[in-house]
file input-v2.cif (mmCIF, C-alpha atoms)
data_query
#
loop_
_atom_site.label_atom_id
_atom_site.label_comp_id
_atom_site.auth_asym_id
_atom_site.auth_seq_id
_atom_site.Cartn_x
_atom_site.Cartn_y
_atom_site.Cartn_z
CA MET A 1 98.47 97.56 39.48
CA THR A 2 95.84 98.93 41.81
CA HIS A 3 96.14 102.36 40.27
CA PHE A 4 95.65 101.13 36.73
CA ILE A 5 92.79 98.81 37.58
CA ASN A 6 91.10 101.54 39.59
CA GLU A 7 91.31 104.03 36.77
CA HIS A 8 89.85 101.56 34.34
CA MET A 9 87.22 100.13 36.65
CA THR A 10 85.98 103.26 38.36
CA GLY A 11 87.56 106.23 36.60
CA ASP A 12 89.16 107.09 39.93
CA GLY A 13 92.56 108.53 39.15
CA ILE A 14 93.55 110.57 42.21
CA PHE A 15 96.46 108.30 43.13
CA GLU A 16 99.93 108.75 41.72
CA PRO A 17 102.11 105.64 42.09
CA VAL A 18 105.73 106.48 42.95
CA ARG A 19 108.15 103.64 42.25
CA PHE A 20 111.25 102.91 44.37
CA SER A 21 114.03 100.34 43.99
CA GLY A 22 114.86 99.83 47.66
CA TRP A 23 113.04 99.89 50.98
CA PRO A 24 115.34 102.41 52.75
CA GLU A 25 114.65 105.04 50.08
CA LEU A 26 110.91 104.41 50.24
CA LYS A 27 110.95 104.69 54.03
CA GLU A 28 112.80 108.01 53.90
CA ALA A 29 110.35 109.40 51.33
CA PHE A 30 107.48 108.44 53.60
CA LEU A 31 109.14 109.98 56.66
CA SER A 32 109.80 113.22 54.78
CA GLY A 33 106.10 113.55 53.94
CA ASP A 34 106.67 113.20 50.20
CA LEU A 35 104.32 110.22 50.12
CA GLN A 36 100.79 110.39 51.49
CA ALA A 37 100.59 106.59 51.57
CA THR A 38 102.87 103.71 50.82
CA PHE A 39 103.18 99.99 50.42
CA ILE A 40 105.78 99.03 53.04
CA LEU A 41 107.17 95.93 54.75
CA ALA A 42 104.97 95.02 57.72
CA PRO A 43 107.74 94.79 60.36
CA MET A 44 109.27 98.02 59.04
CA ALA A 45 105.97 99.84 59.63
CA MET A 46 105.74 98.33 63.12
CA ALA A 47 109.33 99.29 63.94
CA LEU A 48 108.71 102.85 62.75
CA ARG A 49 105.74 103.04 65.11
CA GLU A 50 107.97 101.88 67.95
CA GLN A 51 110.32 104.73 67.07
CA GLY A 52 107.49 107.24 67.42
CA VAL A 53 106.51 107.67 63.78
CA PRO A 54 102.72 108.25 63.56
CA ILE A 55 102.21 105.48 61.01
CA LYS A 56 99.09 103.34 60.64
CA ILE A 57 98.64 100.13 58.69
CA VAL A 58 95.25 100.33 56.99
CA TYR A 59 95.26 97.34 54.63
CA LEU A 60 97.46 94.57 53.25
CA GLY A 61 99.15 94.67 49.85
CA HIS A 62 98.85 90.95 49.14
CA ARG A 63 99.27 87.58 50.80
CA ASP A 64 101.98 85.01 50.09
CA GLY A 65 103.94 85.94 46.94
CA THR A 66 107.41 85.36 48.43
CA THR A 67 109.75 82.57 47.39
CA MET A 68 113.21 81.44 48.49
CA MET A 69 115.40 80.55 45.53
CA VAL A 70 118.73 78.76 45.34
CA HIS A 71 121.00 78.22 42.33
CA LYS A 72 119.93 75.24 40.22
CA ASP A 73 123.37 73.64 40.71
CA SER A 74 123.37 74.27 44.46
CA ASP A 75 123.61 71.41 46.93
CA ILE A 76 120.89 73.05 49.05
CA ARG A 77 117.91 70.71 48.87
CA SER A 78 116.16 71.42 52.17
CA ILE A 79 115.95 74.03 54.92
CA ALA A 80 118.53 72.07 56.93
CA ASP A 81 121.07 72.55 54.12
CA LEU A 82 120.99 76.31 54.71
CA ARG A 83 123.32 76.00 57.68
CA GLY A 84 126.35 78.24 57.15
CA LYS A 85 124.97 79.67 53.91
CA THR A 86 124.53 83.31 52.88
CA ILE A 87 120.96 84.43 52.21
CA ALA A 88 119.98 87.76 50.68
CA VAL A 89 116.95 89.40 52.32
CA PRO A 90 115.16 92.60 51.24
CA ASN A 91 115.67 94.31 54.58
CA ARG A 92 116.36 93.58 58.22
CA PHE A 93 112.82 94.76 59.01
CA SER A 94 111.09 92.37 56.63
CA ASN A 95 108.84 89.39 57.10
CA GLN A 96 111.21 87.57 54.76
CA GLN A 97 113.80 87.77 57.57
CA LEU A 98 111.18 86.58 60.04
CA ILE A 99 110.14 83.62 57.89
CA ILE A 100 113.79 82.52 57.84
CA TYR A 101 113.88 82.85 61.63
CA ARG A 102 110.59 80.94 61.97
CA THR A 103 111.51 78.17 59.52
CA LEU A 104 115.03 77.63 60.89
CA LYS A 105 113.52 77.35 64.37
CA GLN A 106 111.23 74.58 63.13
CA PHE A 107 114.33 72.73 61.94
CA GLY A 108 116.14 73.15 65.26
CA MET A 109 118.40 75.91 63.96
CA SER A 110 118.72 79.62 64.70
CA ILE A 111 119.27 82.78 62.71
CA ARG A 112 122.95 82.63 63.79
CA ASP A 113 123.35 79.47 61.70
CA VAL A 114 123.08 81.50 58.49
CA VAL A 115 124.53 84.75 57.18
CA LEU A 116 121.89 87.30 56.20
CA LEU A 117 122.73 89.99 53.69
CA GLU A 118 120.43 92.95 53.01
CA MET A 119 119.98 93.55 49.29
CA PRO A 120 117.47 95.48 47.14
CA PRO A 121 115.18 92.87 45.52
CA PRO A 122 115.99 93.98 41.92
CA ASP A 123 119.69 93.10 42.56
CA MET A 124 118.98 89.61 43.87
CA PRO A 125 118.68 87.64 40.58
CA ALA A 126 122.15 88.77 39.43
CA ALA A 127 123.63 87.95 42.85
CA LEU A 128 122.25 84.43 42.64
CA HIS A 129 123.34 84.02 39.04
CA VAL A 130 127.00 84.74 39.86
CA ARG A 131 126.58 82.80 43.12
CA ALA A 132 127.58 85.78 45.24
CA VAL A 133 124.97 84.47 47.66
CA ASP A 134 123.65 80.96 48.25
CA ALA A 135 119.97 81.83 48.44
CA ILE A 136 117.69 84.80 47.86
CA ILE A 137 114.27 85.58 49.27
CA SER A 138 111.94 88.40 48.31
CA GLY A 139 108.54 89.22 46.98
CA GLU A 140 107.91 88.31 43.36
CA PRO A 141 108.59 88.75 40.47
CA PHE A 142 112.36 88.79 41.06
CA MET A 143 112.41 85.24 42.37
CA ALA A 144 110.43 83.88 39.43
CA GLN A 145 112.83 85.68 37.08
CA THR A 146 115.65 83.31 38.14
CA GLU A 147 113.34 80.35 37.54
CA MET A 148 112.28 81.59 34.11
CA ASP A 149 115.87 82.35 33.11
CA GLY A 150 116.89 78.83 34.03
CA TYR A 151 119.39 79.30 36.88
CA GLY A 152 117.08 79.45 39.91
CA ARG A 153 115.40 76.63 41.78
CA ILE A 154 112.62 77.01 44.33
CA LEU A 155 113.57 75.98 47.86
CA PHE A 156 110.20 76.96 49.28
CA MET A 157 107.24 79.24 48.72
CA THR A 158 105.76 81.05 51.69
CA LYS A 159 102.35 79.52 51.03
CA ASP A 160 103.89 76.13 51.89
CA VAL A 161 105.71 77.08 55.10
CA TRP A 162 103.75 80.11 56.41
CA PRO A 163 100.30 80.15 54.73
CA GLU A 164 98.67 83.57 54.36
CA PHE A 165 102.10 85.18 54.69
CA ILE A 166 102.08 88.99 54.89
CA SER A 167 104.88 90.87 53.18
CA CYS A 168 103.71 94.37 52.24
CA VAL A 169 101.06 96.44 53.94
CA VAL A 170 99.41 99.70 53.00
CA ALA A 171 100.38 102.40 55.48
CA VAL A 172 99.54 106.06 55.91
CA ASN A 173 100.53 108.83 58.28
CA GLU A 174 98.01 109.54 61.07
CA ARG A 175 97.91 113.12 59.79
CA THR A 176 96.76 111.83 56.41
CA ILE A 177 93.97 109.91 58.11
CA ARG A 178 92.94 113.03 60.00
CA ASP A 179 93.07 115.41 57.03
CA HIS A 180 92.29 113.17 54.06
CA ARG A 181 90.21 110.35 55.46
CA ASP A 182 88.08 110.09 52.32
CA ALA A 183 91.15 109.65 50.14
CA VAL A 184 92.49 106.88 52.41
CA GLN A 185 89.10 105.17 52.21
CA ARG A 186 89.15 105.40 48.40
CA LEU A 187 92.65 103.94 48.34
CA VAL A 188 91.66 100.97 50.52
CA ASP A 189 88.45 100.44 48.55
CA GLY A 190 90.42 100.57 45.31
CA ILE A 191 92.96 97.99 46.45
CA ALA A 192 90.15 95.75 47.72
CA GLN A 193 88.27 96.02 44.40
CA SER A 194 91.44 95.39 42.44
CA GLY A 195 92.23 92.35 44.58
CA LYS A 196 88.78 90.87 44.04
CA TRP A 197 89.04 91.47 40.31
CA LEU A 198 92.49 89.87 40.14
CA ASP A 199 91.42 86.80 42.08
CA GLN A 200 88.20 86.30 40.09
CA SER A 201 89.81 84.48 37.20
CA LEU A 202 93.06 83.54 35.59
CA ASP A 203 92.11 85.64 32.58
CA HIS A 204 91.98 88.77 34.76
CA ARG A 205 95.42 87.96 36.11
CA LEU A 206 96.90 87.59 32.67
CA GLN A 207 95.33 90.89 31.59
CA ALA A 208 96.79 92.56 34.69
CA ALA A 209 100.21 91.07 33.96
CA ARG A 210 100.20 92.62 30.49
CA PHE A 211 99.20 96.13 31.49
CA SER A 212 101.16 96.36 34.74
CA ALA A 213 104.32 95.09 33.01
CA ALA A 214 104.04 97.87 30.46
CA ASN A 215 102.83 100.69 32.71
CA TYR A 216 104.37 100.17 36.15
CA TYR A 217 106.85 97.35 36.60
CA HIS A 218 108.65 97.87 33.26
CA GLN A 219 109.32 94.15 33.12
CA ASP A 220 108.71 91.36 30.68
CA PRO A 221 104.93 90.68 30.61
CA ARG A 222 105.74 86.96 30.36
CA LEU A 223 107.46 87.18 33.75
CA LEU A 224 104.43 88.74 35.45
CA SER A 225 102.14 86.23 33.72
CA PHE A 226 104.40 83.49 35.07
CA VAL A 227 104.23 84.88 38.62
CA LEU A 228 100.46 85.28 38.55
CA SER A 229 99.78 81.84 37.14
CA LYS A 230 102.50 79.30 38.03
CA PRO A 231 101.05 78.29 40.37
CA VAL A 232 98.01 80.54 40.53
CA ASP A 233 98.11 80.70 44.32
CA ARG A 234 101.76 81.82 44.33
CA VAL A 235 100.44 85.26 45.30
CA LYS A 236 96.93 86.16 46.48
CA TYR A 237 95.09 89.47 46.46
CA THR A 238 92.05 88.63 48.58
CA ASN A 239 91.67 88.27 52.33
CA LEU A 240 93.68 91.45 52.82
CA THR A 241 91.91 92.54 56.01
CA VAL A 242 94.15 93.82 58.81
CA ARG A 243 93.75 91.06 61.40
CA ARG A 244 95.07 91.28 64.94
CA PRO A 245 96.32 87.65 65.25
CA ASP A 246 98.47 87.98 62.12
CA PHE A 247 100.23 91.02 63.49
CA GLU A 248 100.55 89.67 67.00
CA GLU A 249 102.40 86.69 65.53
CA ILE A 250 104.74 89.08 63.70
CA GLU A 251 105.21 91.02 66.96
CA VAL A 252 106.25 87.86 68.83
CA LEU A 253 108.60 86.71 66.07
CA GLY A 254 110.02 90.21 65.68
CA ARG A 255 110.83 90.43 69.39
CA GLU A 256 112.40 86.98 69.42
CA ALA A 257 114.45 87.80 66.32
CA GLY A 258 115.56 91.10 67.84
CA ILE A 259 114.12 93.44 65.20
CA LEU A 260 111.17 94.69 67.27
CA GLN A 261 111.20 95.96 70.84
CA GLY A 262 107.60 95.08 71.66
CA THR A 263 106.72 98.63 72.64
CA ALA A 264 104.03 99.12 69.97
CA HIS A 265 100.96 96.95 69.66
CA PHE A 266 98.14 96.35 67.19
CA GLU A 267 96.04 99.32 68.29
CA ASP A 268 99.11 101.58 67.98
CA TYR A 269 100.22 100.69 64.45
CA ALA A 270 97.00 99.44 62.82
CA ASP A 271 93.69 101.03 61.90
CA ALA A 272 91.26 98.48 60.46
CA SER A 273 88.39 100.97 60.25
CA PHE A 274 88.84 101.43 56.50
CA VAL A 275 88.21 97.77 55.72
CA ARG A 276 84.62 97.29 54.61
CA GLU A 277 82.72 94.15 55.49
CA ASP A 278 82.62 92.97 51.89
CA ALA A 279 86.39 93.45 51.48
CA THR A 280 87.03 89.89 52.58
CA ILE A 281 85.68 87.38 50.15
CA PRO A 282 86.47 83.70 49.76
CA SER A 283 89.46 83.23 47.49
CA TYR A 284 88.84 82.04 43.97
CA ALA A 285 88.77 78.27 43.66
CA TRP A 286 92.09 78.15 41.85
CA GLU A 287 92.09 74.38 41.59
CA ASP A 288 89.30 74.74 38.99
CA ALA A 289 91.30 77.15 36.88
CA PRO A 290 92.32 75.97 33.42
CA MET B 1 94.81 156.72 84.89
CA SER B 2 97.16 159.15 83.17
CA ALA B 3 97.15 159.68 79.41
CA PRO B 4 100.68 158.24 78.82
CA LEU B 5 99.75 155.07 80.76
CA ARG B 6 96.56 154.66 78.69
CA ILE B 7 98.59 155.02 75.49
CA LEU B 8 101.14 152.48 76.77
CA LEU B 9 98.40 149.98 77.66
CA ALA B 10 96.77 150.45 74.24
CA VAL B 11 100.09 149.81 72.48
CA VAL B 12 100.75 146.68 74.58
CA ALA B 13 97.22 145.38 73.87
CA TRP B 14 97.67 146.04 70.14
CA LEU B 15 101.05 144.28 70.08
CA ALA B 16 99.65 141.29 71.99
CA THR B 17 96.71 141.01 69.59
CA VAL B 18 98.94 141.19 66.51
CA THR B 19 101.38 138.64 67.96
CA LEU B 20 98.63 136.17 68.82
CA LEU B 21 97.01 136.61 65.40
CA HIS B 22 100.41 136.08 63.74
CA LEU B 23 101.06 132.90 65.74
CA TRP B 24 97.58 131.54 64.98
CA LEU B 25 97.94 132.20 61.26
CA ASN B 26 101.40 130.61 61.22
CA THR B 27 100.08 127.52 62.98
CA LYS B 28 97.27 127.23 60.44
CA THR B 29 99.74 127.61 57.58
CA LEU B 30 102.10 125.06 59.11
CA ASP B 31 99.23 122.64 59.59
CA ARG B 32 98.25 123.09 55.97
CA ILE B 33 101.82 122.49 54.77
CA LEU B 34 102.24 119.44 56.98
CA ALA B 35 98.91 118.05 55.82
CA GLY B 36 100.25 117.89 52.27
CA PRO B 37 98.33 118.71 49.14
CA PRO B 38 94.56 118.23 49.24
CA PRO B 39 93.42 115.26 47.16
CA ALA B 40 90.80 117.17 45.20
CA GLY B 41 92.25 118.03 41.83
CA THR B 42 95.73 116.83 42.82
CA LYS B 43 97.43 113.48 43.16
CA PHE B 44 97.73 111.39 46.30
CA ARG B 45 101.27 109.98 46.12
CA VAL B 46 101.55 106.28 46.93
CA GLY B 47 105.00 104.67 47.22
CA PHE B 48 105.67 101.14 46.06
CA LEU B 49 108.42 98.72 45.10
CA PRO B 50 107.86 96.59 41.98
CA VAL B 51 107.31 93.45 44.06
CA THR B 52 104.06 91.49 43.90
#

call {"tool": "encode", "arguments": {"input": "input-v2.cif", "output": "structure tokens"}}
result
Amino acid sequence: MTHFINEHMTGDGIFEPVRFSGWPELKEAFLSGDLQATFILAPMAMALREQGVPIKIVYLGHRDGTTMMVHKDSDIRSIADLRGKTIAVPNRFSNQQLIIYRTLKQFGMSIRDVVLLEMPPPDMPAALHVRAVDAIISGEPFMAQTEMDGYGRILFMTKDVWPEFISCVVAVNERTIRDHRDAVQRLVDGIAQSGKWLDQSLDHRLQAARFSAANYYHQDPRLLSFVLSKPVDRVKYTNLTVRRPDFEEIEVLGREAGILQGTAHFEDYADASFVREDATIPSYAWEDAP
Amino acid sequence: MSAPLRILLAVVAWLATVTLLHLWLNTKTLDRILAGPPPAGTKFRVGFLPVT
């Protein structure tokens, strides 16, 4: 999305988007040096840093945009009903796993009260349809697909239980920062500009849904329009600054949940120097949208 | 200093110079390889999953 918008807004086409279906494959491609930058799960980037990988988070991909779905005929009506159920998560090192940990804790439960199953997000809708799992949680649009196709029901959206939720971040290798700092800056600027454009109006979002469905996601444009508009704050593309308190919260949760060791901290895995002052703008007043 | 010793020292100095130059050039090449392709005129590869 960023790539297309950038090319059309600024004529800046130096970035080549490389699509993956699962997080492990993307991680390996990044580690091998095949990717100069990547969108990656926030806790995964932090865990890699703990393991000695010279990775730096330079920007966020989006905020919110994750939903937990259950089958429409399921007896799961609240978080408490998840006890003993099987939930598909995108990866062990994902904030989706941490939001389950955080939410269960609020309901007096623990992660041991559910069964978590790692699954590539594109496989989740089918797994829910045949009821191979009781619930699925991932970034959109795969969750909305189950809703649109009539067999999924929303249990919660992240915006309602963990506002300003971070799922994906933009990360680069420290070597890339050293050798191609200008390119990293252009990438961050491009994502920031794209985010502002997307959050300026519903019309922009619907335009983006059409062209990104055809050019990048290879999905039904109606699905992406659905995700970007129902409701309009389902996913947000502004306020993507790398903020210390957000990541310190993830650090604490990650340690408690046993996926982070606590040996890497904000200054180790984050570099906020690419975020310009005007990158953070107030979000569009979505309640006024048609 | 005898002539054979001077020749030996010259050979050792030449070998040391060539070895150091070779190591330096290799390091530069390795750095360039590890740095990946330069962005000018080429593409900067960015990985993503089709999620939000």

call {"tool": "interface_residues", "arguments": {"input": "input-v2.cif", "of": "chain A", "to": "chain B", "cutoff": "6 Å", "atoms": "all atoms listed in the file", "output": "PyMOL selection string"}}
result
chain A and resi 14-21+35-39+139-140+217

call {"tool": "resolve_selection", "arguments": {"input": "input-v2.cif", "expression": "the PyMOL selection byres ((chain A and resi 69) around 12)", "output": "number ranges by chain"}}
result
A: 66-68, 70-74, 76-79, 82, 87-89, 124-125, 127-129, 131, 133-148, 150-158

call {"tool": "atom_distance", "arguments": {"input": "input-v2.cif", "atom1": "CA of Asp75 in chain A", "atom2": "CA of Asp123 in chain A"}}
result
22.5 Å

call {"tool": "residues_around", "arguments": {"input": "input-v2.cif", "residues": "Phe274 in chain A", "least_positions_apart": "2", "cutoff": "8 Å", "atoms": "only C-alpha atoms", "output": "list in words"}}
result
Val58, Tyr59, Val184, Gln185, Val188, Asp271, Ala272 and Arg276 of chain A

call {"tool": "closest_residue", "arguments": {"input": "input-v2.cif", "among": "A:Arg92, A:Lys56, A:Arg102, A:Lys196", "to": "Tyr269 in chain A", "atoms": "only C-alpha atoms"}}
result
A:Lys56

call {"tool": "atom_distance", "arguments": {"input": "input-v2.cif", "atom1": "CA of Asp233 in chain A", "atom2": "CA of Cys168 in chain A"}}
result
16.8 Å

call {"tool": "atom_distance", "arguments": {"input": "input-v2.cif", "atom1": "CA of Glu50 in chain A", "atom2": "CA of Pro90 in chain A"}}
result
20.4 Å

call {"tool": "residues_near_point", "arguments": {"input": "input-v2.cif", "point": "(109.6, 105.8, 67.3)", "cutoff": "12 Å", "atoms": "all atoms listed in the file", "output": "NGL selection string"}}
result
:A and (31 or 44-55 or 260-264 or 268-269)

call {"tool": "axis_aligned_box", "arguments": {"input": "input-v2.cif", "around": "range 45-49 of chain A", "padding_each_side": "6 Å", "output": "JSON"}}
result
{"center_x": 107.5, "center_y": 100.7, "center_z": 62.4, "size_x": 15.6, "size_y": 16.7, "size_z": 17.5}

call {"tool": "resolve_selection", "arguments": {"input": "input-v2.cif", "expression": "the PyMOL selection byres ((chain A and resi 244-252) around 10)", "output": "ChimeraX atom specification"}}
result
/A:42-43,46-47,95,98-99,164-166,241-243,253-267,269-270,272

call {"tool": "closest_residue", "arguments": {"input": "input-v2.cif", "among": "A:Arg222, A:Arg234, A:His204, A:Lys105", "to": "Asp149 in chain A", "atoms": "all atoms listed in the file"}}
result
A:Arg222
